[in-house]
>>> print(open('run.cif').read())   # mmCIF, C-alpha atoms
data_model
loop_
_atom_site.label_atom_id
_atom_site.label_comp_id
_atom_site.auth_asym_id
_atom_site.auth_seq_id
_atom_site.Cartn_x
_atom_site.Cartn_y
_atom_site.Cartn_z
CA MET R 518 83.00 58.38 204.58
CA LYS R 519 80.21 60.43 206.12
CA PRO R 520 78.48 62.83 203.75
CA PHE R 521 79.57 65.84 205.73
CA HIS R 522 83.18 64.74 205.63
CA ALA R 523 82.99 64.17 201.90
CA ILE R 524 81.53 67.62 201.36
CA ALA R 525 84.10 69.23 203.59
CA MET R 526 86.91 67.41 201.80
CA ALA R 527 85.52 68.44 198.42
CA SER R 528 85.38 72.01 199.60
CA VAL R 529 88.94 71.92 200.84
CA LEU R 530 90.13 70.33 197.60
CA ALA R 531 88.25 72.87 195.51
CA LEU R 532 89.64 75.71 197.56
CA TRP R 533 93.13 74.29 197.28
CA ALA R 534 92.83 73.84 193.53
CA ALA R 535 91.43 77.31 193.04
CA GLY R 536 94.09 78.86 195.20
CA ALA R 537 96.90 77.01 193.51
CA ALA R 538 95.67 77.81 190.03
CA ALA R 539 94.88 81.43 190.61
CA SER R 540 98.30 82.27 192.02
CA ASP R 541 99.45 85.42 190.29
CA ARG R 542 102.15 86.01 192.82
CA ALA R 543 104.97 88.19 191.57
CA VAL R 544 108.06 86.33 190.49
CA GLU R 545 111.30 88.13 189.99
CA ALA R 546 112.41 86.42 186.86
CA GLY R 547 113.35 89.43 184.82
CA VAL R 548 116.59 90.31 186.50
CA ARG R 549 119.37 91.10 184.11
CA GLY R 550 122.83 89.97 184.87
CA PRO R 551 125.48 87.47 183.96
CA VAL R 552 124.12 84.26 182.56
CA PRO R 553 124.25 81.96 185.55
CA GLY R 554 125.59 78.50 185.63
CA PRO R 555 123.98 75.59 187.36
CA SER R 556 124.69 75.01 191.00
CA ALA R 557 123.44 72.64 193.61
CA GLY R 558 119.68 72.74 193.35
CA GLU R 559 119.92 74.77 190.16
CA ALA R 560 116.48 73.81 188.99
CA ALA R 561 115.04 75.73 191.88
CA THR R 562 117.41 78.67 191.98
CA ALA R 563 117.69 79.27 188.26
CA ALA R 564 114.02 79.02 187.35
CA GLY R 565 113.27 81.72 184.84
CA MET R 566 116.92 82.67 184.32
CA PRO R 567 118.84 81.78 181.18
CA TYR R 568 121.92 79.61 181.12
CA ALA R 569 124.28 79.35 178.18
CA GLY R 570 125.24 75.74 178.77
CA SER R 571 128.47 73.99 179.46
CA ASP R 572 130.55 71.44 177.68
CA ALA R 573 132.01 70.31 180.97
CA VAL R 574 129.32 67.74 181.56
CA SER R 575 130.83 64.30 181.46
CA GLU R 576 129.68 61.68 179.05
CA THR R 577 129.10 59.42 182.02
CA GLU R 578 126.68 61.86 183.57
CA LEU R 579 124.85 62.33 180.31
CA ALA R 580 124.71 58.63 179.62
CA ALA R 581 123.22 58.10 183.05
CA SER R 582 120.59 60.71 182.29
CA GLY R 583 119.49 59.05 179.10
CA VAL R 584 121.13 61.28 176.51
CA THR R 585 122.71 59.76 173.44
CA LEU R 586 125.73 61.88 172.64
CA GLY R 587 126.40 63.09 169.15
CA THR R 588 129.74 64.06 167.70
CA ALA R 589 129.49 67.79 166.97
CA PRO R 590 131.41 70.15 169.24
CA VAL R 591 129.79 72.69 171.49
CA GLY R 592 130.25 76.11 169.93
CA PRO R 593 131.70 79.25 171.47
CA LEU R 594 129.77 82.22 172.82
CA PRO R 595 128.32 84.58 171.91
CA ALA R 596 126.05 83.01 169.37
CA GLU R 597 126.45 83.68 165.72
CA MET R 598 122.84 83.60 164.83
CA GLY R 599 122.72 82.29 161.33
CA GLY R 600 123.74 82.56 157.72
CA SER R 601 122.73 84.99 155.04
CA GLU R 602 120.43 82.83 152.96
CA VAL R 603 117.26 84.88 153.00
CA ILE R 604 114.64 83.01 151.08
CA LEU R 605 111.42 83.81 152.89
CA ASN R 606 109.53 87.03 153.37
CA TRP R 607 110.52 89.44 156.13
CA ASP R 608 113.72 88.16 157.63
CA SER R 609 113.99 84.40 157.81
CA ARG R 610 117.11 82.38 157.39
CA MET R 611 118.42 78.95 158.06
CA VAL R 612 120.50 78.63 161.20
CA LEU R 613 123.97 77.55 160.14
CA LYS R 614 125.30 76.56 163.54
CA THR R 615 122.78 74.87 165.74
CA THR R 616 125.55 74.09 168.23
CA LEU R 617 125.74 77.71 169.39
CA TYR R 618 123.72 79.15 172.26
CA PRO R 619 120.83 79.84 172.15
CA ASN R 620 120.22 77.86 168.95
CA ARG R 621 121.18 74.63 170.69
CA ALA R 622 118.60 75.25 173.41
CA VAL R 623 115.89 75.04 170.75
CA GLY R 624 114.92 71.59 169.63
CA LEU R 625 112.84 69.58 167.24
CA ILE R 626 109.93 67.66 168.77
CA THR R 627 109.03 64.49 166.91
CA ARG R 628 106.00 62.26 167.25
CA ASN R 629 106.16 58.71 165.97
CA GLY R 630 109.49 59.66 164.42
CA ALA R 631 108.01 62.47 162.33
CA HIS R 632 108.43 66.21 162.64
CA HIS R 633 105.80 67.50 165.07
CA CYS R 634 106.66 70.80 166.79
CA THR R 635 109.39 72.97 168.23
CA GLY R 636 110.36 73.32 171.88
CA TRP R 637 112.88 75.31 173.90
CA LEU R 638 114.69 74.40 177.05
CA ILE R 639 113.88 76.51 180.11
CA SER R 640 115.77 74.36 182.61
CA ARG R 641 118.11 71.42 182.52
CA ASN R 642 115.19 69.09 181.74
CA THR R 643 112.09 71.18 181.02
CA VAL R 644 110.94 72.20 177.56
CA ALA R 645 108.42 74.95 176.85
CA THR R 646 106.14 74.46 173.86
CA ALA R 647 102.62 75.12 172.65
CA GLY R 648 99.69 73.51 174.45
CA HIS R 649 98.53 72.03 171.17
CA CYS R 650 101.86 70.25 170.82
CA VAL R 651 101.11 68.14 173.90
CA HIS R 652 97.29 68.03 173.88
CA SER R 653 94.80 68.33 171.05
CA GLY R 654 92.66 70.82 172.98
CA ARG R 655 89.01 71.26 174.03
CA GLY R 656 88.18 67.89 175.50
CA GLY R 657 90.56 66.10 173.17
CA THR R 658 93.50 63.91 174.03
CA TRP R 659 97.03 64.12 175.29
CA TYR R 660 99.48 62.99 172.66
CA ASP R 661 101.15 59.77 173.72
CA ARG R 662 104.34 60.94 175.38
CA ARG R 663 106.00 57.58 174.68
CA THR R 664 105.94 58.44 170.98
CA MET R 665 107.56 61.85 171.41
CA ARG R 666 111.22 62.86 171.47
CA PHE R 667 113.16 66.10 171.77
CA TYR R 668 116.28 66.80 169.68
CA PRO R 669 118.13 69.94 170.85
CA GLY R 670 119.95 71.71 168.03
CA ARG R 671 118.78 69.22 165.44
CA ASP R 672 120.24 70.03 162.03
CA GLY R 673 118.77 67.95 159.26
CA ALA R 674 119.99 64.40 159.72
CA SER R 675 122.43 65.48 162.43
CA SER R 676 121.49 65.43 166.10
CA PRO R 677 124.53 67.00 167.78
CA TYR R 678 123.22 66.37 171.30
CA GLY R 679 121.28 63.22 170.69
CA SER R 680 117.68 63.10 171.79
CA CYS R 681 115.62 62.72 174.94
CA GLY R 682 112.35 61.04 175.72
CA VAL R 683 109.41 62.69 177.48
CA SER R 684 108.51 61.63 180.99
CA ARG R 685 105.69 64.08 181.69
CA MET R 686 103.63 66.70 179.90
CA HIS R 687 101.81 69.74 181.22
CA SER R 688 99.25 72.25 180.04
CA VAL R 689 96.31 74.16 181.53
CA THR R 690 92.56 73.67 181.51
CA GLY R 691 92.09 76.83 179.44
CA TRP R 692 93.56 74.79 176.61
CA THR R 693 92.77 71.14 177.44
CA VAL R 694 89.13 71.78 178.42
CA ASN R 695 88.19 75.02 176.69
CA GLY R 696 90.51 75.02 173.66
CA ASN R 697 91.08 78.73 174.20
CA ARG R 698 94.03 80.04 172.17
CA ASP R 699 94.84 82.49 174.96
CA TYR R 700 95.85 79.52 177.09
CA ASP R 701 97.63 77.52 174.42
CA TYR R 702 100.84 76.71 176.27
CA GLY R 703 102.44 73.62 177.68
CA ALA R 704 105.62 71.91 178.75
CA MET R 705 107.43 68.62 178.57
CA ARG R 706 109.67 67.11 181.24
CA LEU R 707 112.56 65.27 179.62
CA ASP R 708 114.08 62.03 180.80
CA CYS R 709 117.56 63.56 180.51
CA LEU R 710 119.54 66.58 181.71
CA VAL R 711 120.66 67.87 178.32
CA GLY R 712 120.04 71.47 179.41
CA ASN R 713 123.18 71.27 181.52
CA THR R 714 125.11 70.96 178.26
CA VAL R 715 123.22 73.14 175.81
CA GLY R 716 121.83 75.69 178.25
CA TRP R 717 118.36 77.14 178.36
CA PHE R 718 116.36 80.27 177.81
CA GLY R 719 115.26 82.69 180.45
CA MET R 720 111.56 83.37 180.58
CA TYR R 721 109.88 86.60 181.56
CA SER R 722 106.58 88.36 181.63
CA HIS R 723 106.89 91.31 179.28
CA THR R 724 104.41 93.92 180.45
CA ALA R 725 104.61 96.14 177.34
CA PRO R 726 105.70 94.05 174.37
CA LEU R 727 104.36 96.27 171.56
CA ASN R 728 107.20 96.98 169.10
CA GLU R 729 109.54 94.71 171.05
CA PRO R 730 111.93 92.88 168.74
CA ALA R 731 110.54 89.41 168.15
CA ILE R 732 112.80 86.55 167.16
CA ILE R 733 111.47 83.09 166.47
CA THR R 734 113.81 80.12 166.30
CA GLY R 735 112.18 76.90 165.22
CA TYR R 736 111.66 74.02 162.89
CA PRO R 737 109.32 74.73 159.95
CA GLY R 738 107.81 71.50 158.68
CA ASP R 739 108.46 72.24 155.02
CA LYS R 740 112.19 72.19 155.63
CA PRO R 741 114.04 68.92 156.22
CA GLN R 742 114.22 69.20 160.01
CA THR R 743 116.54 72.19 159.85
CA GLN R 744 116.43 75.11 162.26
CA TRP R 745 115.31 78.51 160.99
CA ILE R 746 115.27 81.92 162.56
CA SER R 747 112.87 84.73 161.75
CA SER R 748 112.75 88.24 163.09
CA ASP R 749 110.20 91.00 163.20
CA LYS R 750 108.67 93.04 165.99
CA VAL R 751 105.49 92.75 168.01
CA ARG R 752 102.84 94.48 165.91
CA GLN R 753 99.85 93.76 168.12
CA ALA R 754 99.90 93.11 171.85
CA LEU R 755 96.70 91.57 173.17
CA THR R 756 96.10 90.64 176.79
CA ARG R 757 97.22 87.07 176.23
CA GLN R 758 98.74 87.06 172.76
CA VAL R 759 101.35 88.84 170.71
CA ARG R 760 101.21 89.12 166.94
CA TYR R 761 103.98 89.63 164.42
CA ARG R 762 104.62 89.27 160.72
CA MET R 763 106.72 86.21 159.96
CA ASP R 764 106.61 83.42 157.48
CA THR R 765 106.08 80.47 159.80
CA VAL R 766 104.49 77.15 158.86
CA GLY R 767 103.38 73.95 160.56
CA GLY R 768 106.17 72.71 162.79
CA ASN R 769 107.03 76.17 164.13
CA SER R 770 104.49 75.78 166.93
CA GLY R 771 106.15 75.90 170.30
CA SER R 772 109.07 78.06 169.13
CA PRO R 773 110.33 80.71 171.51
CA VAL R 774 109.43 84.31 170.73
CA TRP R 775 112.48 85.84 172.30
CA SER R 776 114.85 88.75 172.55
CA ASP R 777 118.22 89.47 174.11
CA ARG R 778 116.61 92.31 176.09
CA GLY R 779 119.01 94.76 174.51
CA GLU R 780 122.16 93.24 175.90
CA ALA R 781 124.80 90.88 174.66
CA LEU R 782 123.76 87.26 174.69
CA ALA R 783 126.96 86.33 176.50
CA THR R 784 126.02 88.42 179.51
CA SER R 785 122.25 88.55 179.45
CA GLY R 786 121.31 85.36 177.69
CA ALA R 787 118.23 84.74 175.57
CA TRP R 788 114.83 85.46 177.04
CA GLY R 789 111.49 84.13 175.84
CA TYR R 790 108.38 86.20 176.38
CA ALA R 791 105.88 84.30 174.21
CA ILE R 792 105.37 80.90 172.62
CA HIS R 793 104.65 80.77 168.91
CA THR R 794 101.38 78.98 168.28
CA TYR R 795 99.37 80.13 165.27
CA GLY R 796 99.63 81.09 161.65
CA ASN R 797 97.09 83.60 160.39
CA ALA R 798 96.28 84.65 163.94
CA GLY R 799 94.54 87.79 162.73
CA ALA R 800 95.07 90.75 160.38
CA GLN R 801 97.61 88.74 158.38
CA TYR R 802 99.75 88.29 161.43
CA ASN R 803 101.00 85.16 163.09
CA GLY R 804 100.81 84.93 166.81
CA GLY R 805 101.95 83.45 170.05
CA THR R 806 100.82 83.02 173.63
CA ARG R 807 102.10 85.75 175.93
CA ILE R 808 103.94 84.67 179.03
CA VAL R 809 101.97 86.70 181.55
CA SER R 810 102.66 86.26 185.25
CA ALA R 811 100.19 83.39 185.72
CA VAL R 812 101.82 81.57 182.80
CA LEU R 813 105.29 82.23 184.20
CA ASN R 814 104.22 80.90 187.57
CA ASN R 815 103.02 77.68 186.01
CA TYR R 816 106.28 77.23 184.11
CA ILE R 817 108.31 77.83 187.27
CA ASN R 818 106.19 75.28 189.12
CA TRP R 819 106.67 72.79 186.29
CA ILE R 820 110.43 73.40 186.35
CA ASN R 821 110.65 72.96 190.09
CA ARG R 822 108.39 69.93 190.35
CA PRO R 823 110.36 66.91 191.52
CA MET A 174 65.07 69.85 237.72
CA SER A 175 66.64 66.84 236.06
CA ARG A 176 68.69 67.10 232.85
CA PRO A 177 67.40 65.42 229.69
CA SER A 178 68.49 61.83 229.30
CA THR A 179 69.87 62.41 225.81
CA ARG A 180 73.52 63.46 225.52
CA PRO A 181 73.80 67.23 225.59
CA GLY A 182 75.23 68.88 222.49
CA LEU A 183 74.20 66.35 219.89
CA PRO A 184 71.30 68.32 218.51
CA ARG A 185 73.48 71.40 218.39
CA ARG A 186 76.28 69.53 216.59
CA GLY A 187 73.72 68.28 214.11
CA VAL A 188 72.58 71.80 213.43
CA LEU A 189 76.18 72.91 213.05
CA ARG A 190 76.87 70.08 210.62
CA LEU A 191 73.88 71.04 208.54
CA ALA A 192 74.88 74.68 208.57
CA ALA A 193 78.46 73.84 207.59
CA ALA A 194 77.25 71.59 204.82
CA ALA A 195 74.89 74.29 203.59
CA VAL A 196 77.84 76.64 203.25
CA ALA A 197 80.39 74.13 202.00
CA LEU A 198 78.26 72.51 199.30
CA PRO A 199 77.53 75.64 197.27
CA ALA A 200 81.09 76.88 197.82
CA ALA A 201 82.49 73.64 196.47
CA ALA A 202 80.09 73.66 193.54
CA VAL A 203 80.87 77.25 192.65
CA LEU A 204 84.61 76.75 192.91
CA ALA A 205 84.52 73.52 190.96
CA GLY A 206 82.66 75.25 188.17
CA CYS A 207 85.00 78.22 188.10
CA VAL A 208 88.41 76.61 187.80
CA PRO A 209 90.67 79.32 186.40
CA ALA A 210 91.89 78.74 182.88
CA ASP A 211 95.52 78.77 184.03
CA HIS A 212 94.81 75.75 186.21
CA ALA A 213 97.74 73.46 185.50
CA VAL A 214 97.12 69.89 184.40
CA THR A 215 99.46 67.01 183.74
CA ASP A 216 98.94 64.19 181.30
CA PRO A 217 97.71 61.06 183.07
CA GLY A 218 99.69 58.84 180.74
CA PRO A 219 98.62 57.01 177.62
CA GLY A 220 94.99 56.05 177.44
CA PRO A 221 91.80 56.55 175.48
CA GLY A 222 90.76 60.12 175.02
CA GLY A 223 87.70 61.96 173.84
CA ALA A 224 86.88 62.77 170.27
CA ALA A 225 88.23 65.98 168.84
CA GLU A 226 87.27 67.91 165.77
CA GLY A 227 89.55 68.19 162.81
CA VAL A 228 90.48 66.62 159.50
CA GLU A 229 91.69 63.12 158.79
CA GLY A 230 92.22 61.15 155.64
CA ARG A 231 94.54 59.21 153.39
CA VAL A 232 96.86 60.25 150.61
CA THR A 233 97.42 57.88 147.71
CA ASP A 234 98.99 58.06 144.28
CA ALA A 235 97.10 57.57 141.03
CA ARG A 236 97.43 53.80 141.39
CA GLY A 237 95.98 53.79 144.89
CA ARG A 238 99.27 53.23 146.68
CA PRO A 239 99.74 55.08 149.98
CA VAL A 240 101.97 58.15 149.93
CA ALA A 241 104.04 58.28 153.11
CA GLY A 242 105.76 61.41 154.41
CA ALA A 243 103.59 63.90 152.52
CA PHE A 244 103.45 67.32 154.19
CA VAL A 245 99.95 68.50 155.08
CA GLU A 246 99.23 72.21 155.48
CA ALA A 247 96.07 74.05 156.46
CA ARG A 248 94.95 77.60 155.84
CA GLY A 249 91.82 79.16 157.28
CA THR A 250 89.40 80.44 154.63
CA GLY A 251 86.24 82.54 154.53
CA PRO A 252 85.59 86.09 155.66
CA ARG A 253 87.06 85.44 159.11
CA PRO A 254 89.62 82.72 158.56
CA ASN A 255 90.51 80.56 161.53
CA PRO A 256 94.02 80.71 162.90
CA VAL A 257 95.86 77.45 162.32
CA PRO A 258 97.84 75.70 165.05
CA GLU A 259 101.22 75.25 163.44
CA ILE A 260 101.89 71.59 164.07
CA ALA A 261 103.81 69.75 161.38
CA VAL A 262 101.51 67.09 159.99
CA PHE A 263 102.84 64.33 157.77
CA THR A 264 101.24 61.18 156.39
CA ASP A 265 102.30 57.93 158.02
CA GLY A 266 103.48 54.76 156.33
CA ASP A 267 99.92 53.98 155.24
CA GLY A 268 99.39 57.47 153.82
CA ARG A 269 97.14 58.52 156.69
CA TYR A 270 97.13 61.84 158.48
CA ARG A 271 95.09 63.49 161.22
CA TRP A 272 95.00 67.09 162.28
CA PHE A 273 93.04 68.53 165.18
CA LEU A 274 91.58 71.78 163.87
CA PRO A 275 88.82 73.88 165.41
CA ALA A 276 85.49 73.99 163.56
CA GLY A 277 85.60 76.20 160.48
CA SER A 278 86.56 76.30 156.81
CA TYR A 279 90.03 75.43 155.61
CA ALA A 280 92.07 74.87 152.49
CA ILE A 281 94.13 71.74 153.04
CA THR A 282 97.23 71.32 150.90
CA VAL A 283 99.19 68.08 150.61
CA THR A 284 102.68 68.11 149.16
CA ALA A 285 104.80 65.11 148.20
CA GLU A 286 108.17 65.76 146.67
CA ALA A 287 107.84 63.41 143.73
CA LEU A 288 104.12 63.77 143.15
CA GLY A 289 103.50 67.50 143.47
CA ARG A 290 100.80 69.13 145.54
CA ARG A 291 97.06 69.39 145.69
CA THR A 292 94.68 71.62 147.65
CA LEU A 293 91.12 70.77 148.70
CA ALA A 294 88.55 72.82 150.59
CA VAL A 295 86.93 71.40 153.71
CA THR A 296 84.57 72.54 156.45
CA VAL A 297 85.17 71.07 159.88
CA PRO A 298 81.95 70.71 161.91
CA HIS A 299 81.78 71.13 165.66
CA GLY A 300 82.78 68.11 167.67
CA ARG A 301 83.93 65.64 165.07
CA ALA A 302 86.60 64.92 162.51
CA VAL A 303 85.78 65.11 158.80
CA ARG A 304 87.42 62.80 156.26
CA LEU A 305 89.37 64.26 153.37
CA ASP A 306 91.33 61.97 151.04
CA PHE A 307 93.84 63.05 148.43
CA VAL A 308 95.09 61.48 145.22
CA LEU A 309 98.42 62.84 144.02
CA GLY A 310 100.23 62.43 140.72
#
>>> encode(input="run.cif", output="C-alpha cells")
Amino acid sequence: MKPFHAIAMASVLALWAAGAAASDRAVEAGVRGPVPGPSAGEAATAAGMPYAGSDAVSETELAASGVTLGTAPVGPLPAEMGGSEVILNWDSRMVLKTTLYPNRAVGLITRNGAHHCTGWLISRNTVATAGHCVHSGRGGTWYDRRTMRFYPGRDGASSPYGSCGVSRMHSVTGWTVNGNRDYDYGAMRLDCLVGNTVGWFGMYSHTAPLNEPAIITGYPGDKPQTQWISSDKVRQALTRQVRYRMDTVGGNSGSPVWSDRGEALATSGAWGYAIHTYGNAGAQYNGGTRIVSAVLNNYINWINRP
Amino acid sequence: MSRPSTRPGLPRRGVLRLAAAAVALPAAAVLAGCVPADHAVTDPGPGPGGAAEGVEGRVTDARGRPVAGAFVEARGTGPRPNPVPEIAVFTDGDGRYRWFLPAGSYAITVTAEALGRRTLAVTVPHGRAVRLDFVLG
C-alpha cells in the first residue's frame, strides 16, 4: 500500500471511529406506556423499552437457544418485591420470589463457578453490568468470557431459569484504557434468549436524578447467592455518577439502579437509570454509573448488534 | 511552442498528494489520540492481557492447608479512602484470590465460615499487584 493511501485510510478510520464513538444522538427511550412484548425484530424495536417476559416460550425454543430450564413457575404480575426481613441498614431485604418480574430479569454472574457480579437483562439476550465485571480496567484484561455464566432469578441453590453462557462482552475505552469510574459500564451478550421468558428492564437517561427513588436489586457476595433489594434515593447527582446510601457489598456490582417511574410495574415496567459499581464512592455514599445519552446509545448499539 | 515531454499533471498531483498527506496525517494523529471515553470496545476473546494493579494472595488455615471459598472484602482507608469496585471475590480451591484494585490503601478482610475472619492493611502501588496472605483459625 502506498504511503498516501495508508495515511488516507488511517484518517478515514480515525474519523469513523471518532464519529461513531462521539454519537450523542437523541434516543427516545423514555416513553411511558404499556410494557411491550417481543415482536418480529424485537431486539431492534424494543431497545431501551422494558418487557415483563412471557411464559409462552416453548421449551424447544429455549433448548435451541442454549438455556437449561429449571422447574420453578413463572410468577404473576405485578411483582411482589420482597419479604419483610429487614436485617441491613436503610431498607434492604431478601427477595422472596425471584420468579416475579422484574426480579427474574436480574441475575447472578459467576466466574469460574463462583459468585462474581450482578447483571440485568435489557433485551432478550443482552445483560447490562459494570465495566469492572467484564474488564479489570486501565490497561488490564478482559475476564475470560468462557468462564462466566448468567443465572437470571438465581435463588440460592435454585436456578429457576437455568443459566446462559457469554458469547461477547463490551465496555468503553474510558474504563478499559483509562480506568475512569465515570465510564465504568459494560455489557454481556448471552448465548441464549432467556429474556423472552423472564423479560428485561427498560433503560433511560435520567436528566435530573437528584432525590429520585433508587432501588438496587442484586446479589451481595456475603449472602449465599440470594437476591436482595435495597432502596433509598439519589443523594448526589454528579455528571456521570449517582450516589445513594445503601448497604451493598462485593457482588452487587452491575446491579440495576432503577425505578418504576411512578407508575405501576405492570403497565410501565422497570427502568434502570444507573449501574451500581462502587462502595464508599464518596461522603459515605455508594455509587453507580449514570446512564447518560452516550451510555444509552452504546447499550442500544450493543443490543442491536447482530 | 512544443509541450514538455513529461506527462502533464504529474507534478501537480504530487503536490496535491503531499498537501493531502500534510492535512491527513496530523488529523489522524489528533483523532487517534483523542478517542472519546465512551468509545465502545468488545473483548477480543481469551488471551494474555497486561498487568493490572491490585491485591493477590493465599488464604490458609493454621496448619497451612488452603481455605477455599473464603469471602474477601476490601475497604478504602486513609483520609480520602478509595471507592471499592464491588466484585465478589472468593478464594479458589487452592486458597488463592486476586482483586484488581486501583492504587491506594485498603483494609482487606477475609471471612471463612468455620474459621472466622481476619483483616489486614495493605497499600497497592501504581501498576502492579501486591501480595497479601492470610492465615485463619
>>> closest_atom_pairs(input="run.cif", of="chain R", to="chain A", cutoff="6 Å", atoms="all atoms listed in the file", output="tab-separated table")
residue	atom	partner	partner_atom	distance
R:Ser528	CA	A:Ala201	CA	4.6
R:Ala531	CA	A:Ala201	CA	5.9
R:Ala538	CA	A:His212	CA	4.4
R:His632	CA	A:Ala261	CA	6.0
R:His633	CA	A:Ala261	CA	4.8
R:Cys634	CA	A:Ile260	CA	5.5
R:Gly657	CA	A:Ala225	CA	4.9
R:Thr658	CA	A:Gly222	CA	4.8
R:Asp661	CA	A:Pro219	CA	5.4
R:Met686	CA	A:Asp216	CA	5.5
R:His687	CA	A:Thr215	CA	4.4
R:Ser688	CA	A:Val214	CA	5.4
R:Val689	CA	A:Ala213	CA	4.3
R:Thr690	CA	A:Ala210	CA	5.3
R:Gly691	CA	A:Ala210	CA	3.9
R:Gly738	CA	A:Ala261	CA	5.1
R:Val766	CA	A:Glu259	CA	5.9
R:Gly767	CA	A:Glu259	CA	3.8
R:Gly768	CA	A:Ala261	CA	4.0
R:Asn769	CA	A:Glu259	CA	5.9
R:Ser770	CA	A:Glu259	CA	4.8
R:Thr794	CA	A:Pro258	CA	5.8
R:Tyr795	CA	A:Pro258	CA	4.7
R:Gly796	CA	A:Val257	CA	5.3
R:Asn797	CA	A:Pro256	CA	4.9
R:Ala798	CA	A:Pro256	CA	4.7
>>> residues_around(input="run.cif", residues="region 666-672 of chain R", least_positions_apart="4", cutoff="10 Å", atoms="all atoms listed in the file", output="ChimeraX atom specification")
/R:611-638,644,662,676-684,705,707-708,711-712,715,735-736,741-745
>>> write_last_selection(input="run.cif", atoms="C-alpha atoms", output="JSON list (two decimals), in the coordinates of the input")
[["chain", "number", "residue", "atom", "x", "y", "z"],
["R", 611, "MET", "CA", 118.42, 78.95, 158.06],
["R", 612, "VAL", "CA", 120.50, 78.63, 161.20],
["R", 613, "LEU", "CA", 123.97, 77.55, 160.14],
["R", 614, "LYS", "CA", 125.30, 76.56, 163.54],
["R", 615, "THR", "CA", 122.78, 74.87, 165.74],
["R", 616, "THR", "CA", 125.55, 74.09, 168.23],
["R", 617, "LEU", "CA", 125.74, 77.71, 169.39],
["R", 618, "TYR", "CA", 123.72, 79.15, 172.26],
["R", 619, "PRO", "CA", 120.83, 79.84, 172.15],
["R", 620, "ASN", "CA", 120.22, 77.86, 168.95],
["R", 621, "ARG", "CA", 121.18, 74.63, 170.69],
["R", 622, "ALA", "CA", 118.60, 75.25, 173.41],
["R", 623, "VAL", "CA", 115.89, 75.04, 170.75],
["R", 624, "GLY", "CA", 114.92, 71.59, 169.63],
["R", 625, "LEU", "CA", 112.84, 69.58, 167.24],
["R", 626, "ILE", "CA", 109.93, 67.66, 168.77],
["R", 627, "THR", "CA", 109.03, 64.49, 166.91],
["R", 628, "ARG", "CA", 106.00, 62.26, 167.25],
["R", 629, "ASN", "CA", 106.16, 58.71, 165.97],
["R", 630, "GLY", "CA", 109.49, 59.66, 164.42],
["R", 631, "ALA", "CA", 108.01, 62.47, 162.33],
["R", 632, "HIS", "CA", 108.43, 66.21, 162.64],
["R", 633, "HIS", "CA", 105.80, 67.50, 165.07],
["R", 634, "CYS", "CA", 106.66, 70.80, 166.79],
["R", 635, "THR", "CA", 109.39, 72.97, 168.23],
["R", 636, "GLY", "CA", 110.36, 73.32, 171.88],
["R", 637, "TRP", "CA", 112.88, 75.31, 173.90],
["R", 638, "LEU", "CA", 114.69, 74.40, 177.05],
["R", 644, "VAL", "CA", 110.94, 72.20, 177.56],
["R", 662, "ARG", "CA", 104.34, 60.94, 175.38],
["R", 676, "SER", "CA", 121.49, 65.43, 166.10],
["R", 677, "PRO", "CA", 124.53, 67.00, 167.78],
["R", 678, "TYR", "CA", 123.22, 66.37, 171.30],
["R", 679, "GLY", "CA", 121.28, 63.22, 170.69],
["R", 680, "SER", "CA", 117.68, 63.10, 171.79],
["R", 681, "CYS", "CA", 115.62, 62.72, 174.94],
["R", 682, "GLY", "CA", 112.35, 61.04, 175.72],
["R", 683, "VAL", "CA", 109.41, 62.69, 177.48],
["R", 684, "SER", "CA", 108.51, 61.63, 180.99],
["R", 705, "MET", "CA", 107.43, 68.62, 178.57],
["R", 707, "LEU", "CA", 112.56, 65.27, 179.62],
["R", 708, "ASP", "CA", 114.08, 62.03, 180.80],
["R", 711, "VAL", "CA", 120.66, 67.87, 178.32],
["R", 712, "GLY", "CA", 120.04, 71.47, 179.41],
["R", 715, "VAL", "CA", 123.22, 73.14, 175.81],
["R", 735, "GLY", "CA", 112.18, 76.90, 165.22],
["R", 736, "TYR", "CA", 111.66, 74.02, 162.89],
["R", 741, "PRO", "CA", 114.04, 68.92, 156.22],
["R", 742, "GLN", "CA", 114.22, 69.20, 160.01],
["R", 743, "THR", "CA", 116.54, 72.19, 159.85],
["R", 744, "GLN", "CA", 116.43, 75.11, 162.26],
["R", 745, "TRP", "CA", 115.31, 78.51, 160.99]]
>>> atom_distance(input="run.cif", atom1="CA of Leu309 (chain A)", atom2="CA of Val295 (chain A)")
17.3 Å
>>> atom_distance(input="run.cif", atom1="CA of Thr806 (chain R)", atom2="CA of Thr734 (chain R)")
15.2 Å
>>> atom_distance(input="run.cif", atom1="CA of Tyr721 (chain R)", atom2="CA of Val774 (chain R)")
11.1 Å
>>> resolve_selection(input="run.cif", expression="the PyMOL selection byres ((chain A and resi 232) around 10)", output="list in words")
Gly230, Arg231, Thr233, Asp234, Ala235, Gly237, Arg238, Pro239, Val240, Ala241, Gly242, Ala243, Val245, Thr264, Asp265, Asp267, Gly268, Arg269, Tyr270, Val283, Thr284, Ala285, Leu305, Asp306, Phe307, Val308 and Leu309 of chain A
>>> closest_residue(input="run.cif", among="R:Ala787, R:Ala725, R:Met566, R:Ala674", to="Leu755 (chain R)", atoms="all atoms listed in the file")
R:Ala725
>>> closest_residue(input="run.cif", among="A:Gly277, A:Gly251, A:Gly289, A:Gly266", to="Ala302 (chain A)", atoms="only C-alpha atoms")
A:Gly277
>>> residues_near_point(input="run.cif", point="(87.9, 72.7, 153.2)", cutoff="6 Å", atoms="only C-alpha atoms", output="ChimeraX atom specification")
/A:278-280,293-296
>>> closest_residue(input="run.cif", among="A:Thr292, A:Pro252, A:Arg301, A:Glu229", to="Ala276 (chain A)", atoms="all atoms listed in the file")
A:Arg301
